[in-house]
Amino acid sequence: MVLITAAASGIGLAAATRLSREGARLALSDLRLDALEARAAELALPRDQLICSATDVRDVRQIEAFVAQAAGAFGRIDVLVNNAGIGRRGQVAGLADEDWRQVMDVTLDSVFYGARAALPHLTRTRGNIVNIASISGLAGDGGNAAYNAAKGAVVNLTRAMAVDHGPDGVRVNAVCPGLTVTPLTRKMRETPAVMDQFEERIPLARAGEADEIAAAIAFLASDEASYVTGVSLAVDGGLTAW
Ligand code: NAD
């Protein structure tokens with residue numbers, strides 16, 4: 001069974017949709033329970049194979065409660081998808097404490113807390129973790145310092161956990177999406193000048209679809225990736241190939 005955080009929208013929802021079609025039982029969480037339940041009702045899953053939980057990933061106790069609820073209901077955890085992440089634009093010189101803290105809490109600390117809570121279960125099932133990082137964790141974007149720092153840390157935490165937990169049979173990987181069509185990027189995608197710049201730099205000359213990120217998540221989570229651990233897979237139309 002698979003846990004996914006921030007699953008009411010975008011990449012988390014696409015991963016839930018893809019994995020439910022492959023027959024996975026799902027425990028989904030999001031800050032917005034109403035939206036999550038509405039989307040989850042459209043999944044091809046019987047109610048006894050699905051849990052929806054209101055979880056604010058800024059709160060370690062809520063993350064721990066979500067993991068415990070899923071493990072209690074299904075008796076096992078096979079995969080944790082740490083998908084929650086937010087950005088607050090700004091350079092270091094102008095970044096407010098509160099913005100830095102929010103980005104770290106949601107984007108980095110939640111990965112640590114989720115993994116720590118799930119690892120005892122994943123060790124029993126020889127399961128795996130897929131962290132949703134970003135190509136912003138592989139380079140500096142310019143004017144996005146907190147997000148770059150948090151996603152860069154997720155990439156290296158992925159490597160650290162792969163090294164530490166490989167001997168227990170637990171794989172840990174990350175997906176690094178490039179520009180992807182989700183509500184998060186709507187404003188950016190509606191600005192033609194920004195999109196022109198992006199499309200010039202993306203070899204495949206378009207933004208990615210959430211389904212294309214979900215395909216990479218499904219691969220890393222599956223036994224098809226049984227010898228893959230510690231990687232951060234860029235799914236970005238070639239943007240980082242430059
Ligand atoms: P989205 O805006 O479509 O969805 C984000 C979800 O996170 C929402 O359902 C929201 O309710 C939930 N959320 C926000 N704060 C939360 C909190 N404190 N606790 C629990 N849930 C919370 O976003 P998306 O584009 O699908 O992004 C998902 C992940 O992919 C993020 O980690 C993001 O950084 C990463 N990513 C996205 C892109 C992109 O271009 N869309 C690119 C690279 C990386």
# chains A, B, ... in the order shown; residues from 1 in each chain; ligands from 1
>>> select_by_dssp(residues="segment 149-190 of chain A", states="strand (DSSP E)", output="list of chain:residue names")
A:Arg171, A:Val172, A:Asn173, A:Ala174, A:Val175, A:Cys176, A:Pro177, A:Thr180, A:Val181
>>> residues_around(residues="Leu19 of chain A", least_positions_apart="2", cutoff="10 Å", atoms="only C-alpha atoms", output="list in words")
Met1, Val2, Leu13, Ala14, Ala15, Ala16, Thr17, Arg21, Glu22, Gly23, Ala24, Arg25, Leu26, Leu43, Ala44, Ala214, Ala215, Ile217, Ala218, Ala221 and Ser222 of chain A
>>> closest_atom_pairs(of="chain A", to="ligand 1", cutoff="6 Å", atoms="only C-alpha atoms and all ligand atoms", output="Markdown table")
| residue | atom | partner | partner_atom_place_in_ligand_line | distance |
| --- | --- | --- | --- | --- |
| A:Ala6 | CA | ligand 1 | 7 (O) | 4.0 |
| A:Ala7 | CA | ligand 1 | 9 (O) | 5.7 |
| A:Ala8 | CA | ligand 1 | 9 (O) | 4.1 |
| A:Ser9 | CA | ligand 1 | 9 (O) | 4.2 |
| A:Gly10 | CA | ligand 1 | 26 (O) | 3.4 |
| A:Ile11 | CA | ligand 1 | 26 (O) | 3.7 |
| A:Gly12 | CA | ligand 1 | 26 (O) | 5.6 |
| A:Asp30 | CA | ligand 1 | 21 (N) | 4.1 |
| A:Leu31 | CA | ligand 1 | 20 (C) | 4.0 |
| A:Arg32 | CA | ligand 1 | 11 (O) | 5.2 |
| A:Thr55 | CA | ligand 1 | 20 (C) | 5.5 |
| A:Asp56 | CA | ligand 1 | 19 (N) | 3.6 |
| A:Val57 | CA | ligand 1 | 19 (N) | 4.0 |
| A:Arg58 | CA | ligand 1 | 18 (N) | 5.2 |
| A:Asn83 | CA | ligand 1 | 32 (O) | 4.8 |
| A:Ala84 | CA | ligand 1 | 32 (O) | 4.4 |
| A:Gly85 | CA | ligand 1 | 32 (O) | 3.3 |
| A:Ile86 | CA | ligand 1 | 34 (O) | 5.3 |
| A:Val106 | CA | ligand 1 | 18 (N) | 5.5 |
| A:Ile132 | CA | ligand 1 | 32 (O) | 5.4 |
| A:Ala133 | CA | ligand 1 | 44 (C) | 5.7 |
| A:Ser134 | CA | ligand 1 | 44 (C) | 4.1 |
| A:Pro177 | CA | ligand 1 | 43 (C) | 4.2 |
| A:Gly178 | CA | ligand 1 | 42 (C) | 4.9 |
| A:Leu179 | CA | ligand 1 | 40 (O) | 3.8 |
| A:Thr180 | CA | ligand 1 | 40 (O) | 3.6 |
| A:Val181 | CA | ligand 1 | 41 (N) | 5.8 |
| A:Thr182 | CA | ligand 1 | 3 (O) | 4.7 |
| A:Pro183 | CA | ligand 1 | 3 (O) | 4.5 |
| A:Leu184 | CA | ligand 1 | 2 (O) | 3.8 |
| A:Thr185 | CA | ligand 1 | 41 (N) | 5.5 |
>>> write_last_selection(atoms="N, CA and C atoms", output="PDB file, in the first residue's frame")
ATOM      1  N   ALA A   6      -0.011  15.500   0.212  1.00  0.00           N
ATOM      2  CA  ALA A   6      -0.420  16.598  -0.685  1.00  0.00           C
ATOM      3  C   ALA A   6      -1.028  16.041  -1.976  1.00  0.00           C
ATOM      4  N   ALA A   7      -2.014  15.166  -1.808  1.00  0.00           N
ATOM      5  CA  ALA A   7      -2.528  14.388  -2.937  1.00  0.00           C
ATOM      6  C   ALA A   7      -3.816  14.942  -3.550  1.00  0.00           C
ATOM      7  N   ALA A   8      -4.254  16.138  -3.111  1.00  0.00           N
ATOM      8  CA  ALA A   8      -5.526  16.659  -3.622  1.00  0.00           C
ATOM      9  C   ALA A   8      -5.394  17.335  -4.979  1.00  0.00           C
ATOM     10  N   SER A   9      -4.165  17.492  -5.454  1.00  0.00           N
ATOM     11  CA  SER A   9      -3.963  18.332  -6.633  1.00  0.00           C
ATOM     12  C   SER A   9      -2.710  17.892  -7.380  1.00  0.00           C
ATOM     13  N   GLY A  10      -2.578  18.311  -8.614  1.00  0.00           N
ATOM     14  CA  GLY A  10      -1.342  18.247  -9.368  1.00  0.00           C
ATOM     15  C   GLY A  10      -0.655  16.889  -9.386  1.00  0.00           C
ATOM     16  N   ILE A  11       0.620  16.885  -9.041  1.00  0.00           N
ATOM     17  CA  ILE A  11       1.463  15.691  -9.156  1.00  0.00           C
ATOM     18  C   ILE A  11       1.016  14.606  -8.176  1.00  0.00           C
ATOM     19  N   GLY A  12       0.647  14.989  -6.949  1.00  0.00           N
ATOM     20  CA  GLY A  12       0.193  14.003  -5.960  1.00  0.00           C
ATOM     21  C   GLY A  12      -1.069  13.295  -6.424  1.00  0.00           C
ATOM     22  N   ASP A  30      -3.854  15.492   2.635  1.00  0.00           N
ATOM     23  CA  ASP A  30      -3.713  16.859   2.128  1.00  0.00           C
ATOM     24  C   ASP A  30      -4.195  17.803   3.221  1.00  0.00           C
ATOM     25  N   LEU A  31      -3.746  19.039   3.111  1.00  0.00           N
ATOM     26  CA  LEU A  31      -4.228  20.101   3.991  1.00  0.00           C
ATOM     27  C   LEU A  31      -5.731  20.306   3.796  1.00  0.00           C
ATOM     28  N   ARG A  32      -6.183  20.137   2.540  1.00  0.00           N
ATOM     29  CA  ARG A  32      -7.589  20.421   2.183  1.00  0.00           C
ATOM     30  C   ARG A  32      -8.329  19.088   2.029  1.00  0.00           C
ATOM     31  N   THR A  55      -4.137  16.294   6.731  1.00  0.00           N
ATOM     32  CA  THR A  55      -2.802  16.337   7.352  1.00  0.00           C
ATOM     33  C   THR A  55      -2.104  17.611   6.920  1.00  0.00           C
ATOM     34  N   ASP A  56      -1.718  18.404   7.897  1.00  0.00           N
ATOM     35  CA  ASP A  56      -0.860  19.555   7.625  1.00  0.00           C
ATOM     36  C   ASP A  56       0.567  19.086   7.861  1.00  0.00           C
ATOM     37  N   VAL A  57       1.352  18.997   6.797  1.00  0.00           N
ATOM     38  CA  VAL A  57       2.689  18.416   6.950  1.00  0.00           C
ATOM     39  C   VAL A  57       3.651  19.323   7.715  1.00  0.00           C
ATOM     40  N   ARG A  58       3.193  20.530   8.087  1.00  0.00           N
ATOM     41  CA  ARG A  58       4.036  21.363   8.950  1.00  0.00           C
ATOM     42  C   ARG A  58       4.034  20.852  10.385  1.00  0.00           C
ATOM     43  N   ASN A  83       5.370  14.103  -1.222  1.00  0.00           N
ATOM     44  CA  ASN A  83       5.102  14.987  -2.366  1.00  0.00           C
ATOM     45  C   ASN A  83       4.930  16.458  -1.983  1.00  0.00           C
ATOM     46  N   ALA A  84       4.629  16.738  -0.703  1.00  0.00           N
ATOM     47  CA  ALA A  84       4.313  18.131  -0.329  1.00  0.00           C
ATOM     48  C   ALA A  84       5.517  19.044  -0.546  1.00  0.00           C
ATOM     49  N   GLY A  85       5.264  20.224  -1.051  1.00  0.00           N
ATOM     50  CA  GLY A  85       6.332  21.200  -1.232  1.00  0.00           C
ATOM     51  C   GLY A  85       5.748  22.530  -1.671  1.00  0.00           C
ATOM     52  N   ILE A  86       6.325  23.617  -1.140  1.00  0.00           N
ATOM     53  CA  ILE A  86       5.879  24.954  -1.547  1.00  0.00           C
ATOM     54  C   ILE A  86       7.094  25.844  -1.776  1.00  0.00           C
ATOM     55  N   VAL A 106       7.403  22.803   5.049  1.00  0.00           N
ATOM     56  CA  VAL A 106       6.562  22.019   4.129  1.00  0.00           C
ATOM     57  C   VAL A 106       7.427  21.168   3.192  1.00  0.00           C
ATOM     58  N   ILE A 132       9.495  13.791  -3.800  1.00  0.00           N
ATOM     59  CA  ILE A 132       9.333  14.694  -4.947  1.00  0.00           C
ATOM     60  C   ILE A 132      10.188  15.927  -4.690  1.00  0.00           C
ATOM     61  N   ALA A 133      11.322  15.962  -5.372  1.00  0.00           N
ATOM     62  CA  ALA A 133      12.224  17.114  -5.263  1.00  0.00           C
ATOM     63  C   ALA A 133      11.878  18.070  -6.406  1.00  0.00           C
ATOM     64  N   SER A 134      12.862  18.504  -7.166  1.00  0.00           N
ATOM     65  CA  SER A 134      12.621  19.452  -8.269  1.00  0.00           C
ATOM     66  C   SER A 134      13.938  19.675  -8.984  1.00  0.00           C
ATOM     67  N   PRO A 177      10.887  16.992 -10.937  1.00  0.00           N
ATOM     68  CA  PRO A 177      10.120  17.515 -12.070  1.00  0.00           C
ATOM     69  C   PRO A 177      10.703  18.839 -12.559  1.00  0.00           C
ATOM     70  N   GLY A 178      10.584  19.059 -13.867  1.00  0.00           N
ATOM     71  CA  GLY A 178      10.805  20.392 -14.415  1.00  0.00           C
ATOM     72  C   GLY A 178       9.485  21.144 -14.376  1.00  0.00           C
ATOM     73  N   LEU A 179       9.325  22.110 -15.257  1.00  0.00           N
ATOM     74  CA  LEU A 179       8.066  22.874 -15.307  1.00  0.00           C
ATOM     75  C   LEU A 179       6.917  21.928 -15.672  1.00  0.00           C
ATOM     76  N   THR A 180       5.942  21.820 -14.780  1.00  0.00           N
ATOM     77  CA  THR A 180       4.867  20.840 -14.958  1.00  0.00           C
ATOM     78  C   THR A 180       3.516  21.533 -14.855  1.00  0.00           C
ATOM     79  N   VAL A 181       2.578  21.093 -15.680  1.00  0.00           N
ATOM     80  CA  VAL A 181       1.244  21.705 -15.701  1.00  0.00           C
ATOM     81  C   VAL A 181       0.455  21.262 -14.465  1.00  0.00           C
ATOM     82  N   THR A 182       0.415  22.130 -13.448  1.00  0.00           N
ATOM     83  CA  THR A 182      -0.397  21.914 -12.236  1.00  0.00           C
ATOM     84  C   THR A 182      -0.864  23.302 -11.776  1.00  0.00           C
ATOM     85  N   PRO A 183      -1.771  23.362 -10.803  1.00  0.00           N
ATOM     86  CA  PRO A 183      -2.184  24.669 -10.295  1.00  0.00           C
ATOM     87  C   PRO A 183      -1.013  25.513  -9.775  1.00  0.00           C
ATOM     88  N   LEU A 184       0.036  24.841  -9.274  1.00  0.00           N
ATOM     89  CA  LEU A 184       1.204  25.561  -8.741  1.00  0.00           C
ATOM     90  C   LEU A 184       1.837  26.489  -9.767  1.00  0.00           C
ATOM     91  N   THR A 185       1.827  26.086 -11.024  1.00  0.00           N
ATOM     92  CA  THR A 185       2.540  26.846 -12.058  1.00  0.00           C
ATOM     93  C   THR A 185       1.594  27.618 -12.986  1.00  0.00           C
TER      94      THR A 185
END
>>> closest_residue(among="A:Leu122, A:Gly114, A:Ala241, A:Arg47", to="Gln62 of chain A", atoms="only C-alpha atoms")
A:Gly114
>>> closest_residue(among="A:Gly140, A:Arg18, A:Ser110, A:Glu199", to="Glu212 of chain A", atoms="only C-alpha atoms")
A:Arg18
>>> residues_around(residues="Glu37 of chain A", least_positions_apart="3", cutoff="9 Å", atoms="only C-alpha atoms", output="mmCIF file with N, CA and C atoms, in the first residue's frame")
data_model
loop_
_atom_site.group_PDB
_atom_site.id
_atom_site.type_symbol
_atom_site.label_atom_id
_atom_site.label_comp_id
_atom_site.auth_asym_id
_atom_site.auth_seq_id
_atom_site.Cartn_x
_atom_site.Cartn_y
_atom_site.Cartn_z
ATOM 1 N N ALA A 8 -4.254 16.138 -3.111
ATOM 2 C CA ALA A 8 -5.526 16.659 -3.622
ATOM 3 C C ALA A 8 -5.394 17.335 -4.979
ATOM 4 N N ARG A 32 -6.183 20.137 2.540
ATOM 5 C CA ARG A 32 -7.589 20.421 2.183
ATOM 6 C C ARG A 32 -8.329 19.088 2.029
ATOM 7 N N LEU A 33 -8.990 18.666 3.122
ATOM 8 C CA LEU A 33 -9.651 17.352 3.106
ATOM 9 C C LEU A 33 -10.827 17.315 2.124
ATOM 10 N N ASP A 34 -11.607 18.401 2.043
ATOM 11 C CA ASP A 34 -12.770 18.414 1.130
ATOM 12 C C ASP A 34 -12.325 18.168 -0.307
ATOM 13 N N ALA A 40 -10.592 12.014 -4.650
ATOM 14 C CA ALA A 40 -10.423 10.581 -4.369
ATOM 15 C C ALA A 40 -11.658 9.789 -4.787
ATOM 16 N N ALA A 41 -12.818 10.433 -4.730
ATOM 17 C CA ALA A 41 -14.062 9.753 -5.122
ATOM 18 C C ALA A 41 -14.027 9.366 -6.605
ATOM 19 N N GLU A 42 -13.179 10.061 -7.375
ATOM 20 C CA GLU A 42 -13.080 9.768 -8.815
ATOM 21 C C GLU A 42 -12.070 8.654 -9.122
ATOM 22 N N CYS A 52 -8.457 8.734 3.265
ATOM 23 C CA CYS A 52 -8.172 10.152 3.041
ATOM 24 C C CYS A 52 -8.022 10.824 4.397
ATOM 25 N N SER A 53 -6.951 11.589 4.549
ATOM 26 C CA SER A 53 -6.689 12.175 5.860
ATOM 27 C C SER A 53 -6.353 13.659 5.728
#
>>> atom_distance(atom1="atom CA of Ile4 of chain A", atom2="atom CA of Thr123 of chain A")
18.0 Å
>>> closest_residue(among="A:Cys176, A:Ile129, A:Leu138, A:Ala153", to="Asp109 of chain A", atoms="only C-alpha atoms")
A:Ala153
>>> closest_residue(among="A:Arg88, A:Arg39, A:Arg186, A:Arg76", to="Asn148 of chain A", atoms="only C-alpha atoms")
A:Arg88
>>> closest_residue(among="A:Ile213, A:Leu220, A:Ala35, A:Met104", to="Val130 of chain A", atoms="only C-alpha atoms")
A:Leu220
>>> closest_residue(among="A:Ala68, A:Ile202, A:Val172, A:Leu119", to="Arg159 of chain A", atoms="only C-alpha atoms")
A:Val172
>>> residues_around(residues="Ala117 of chain A", least_positions_apart="6", cutoff="9 Å", atoms="only C-alpha atoms", output="list in words")
Ile63, Glu64, Val67 and Ala68 of chain A
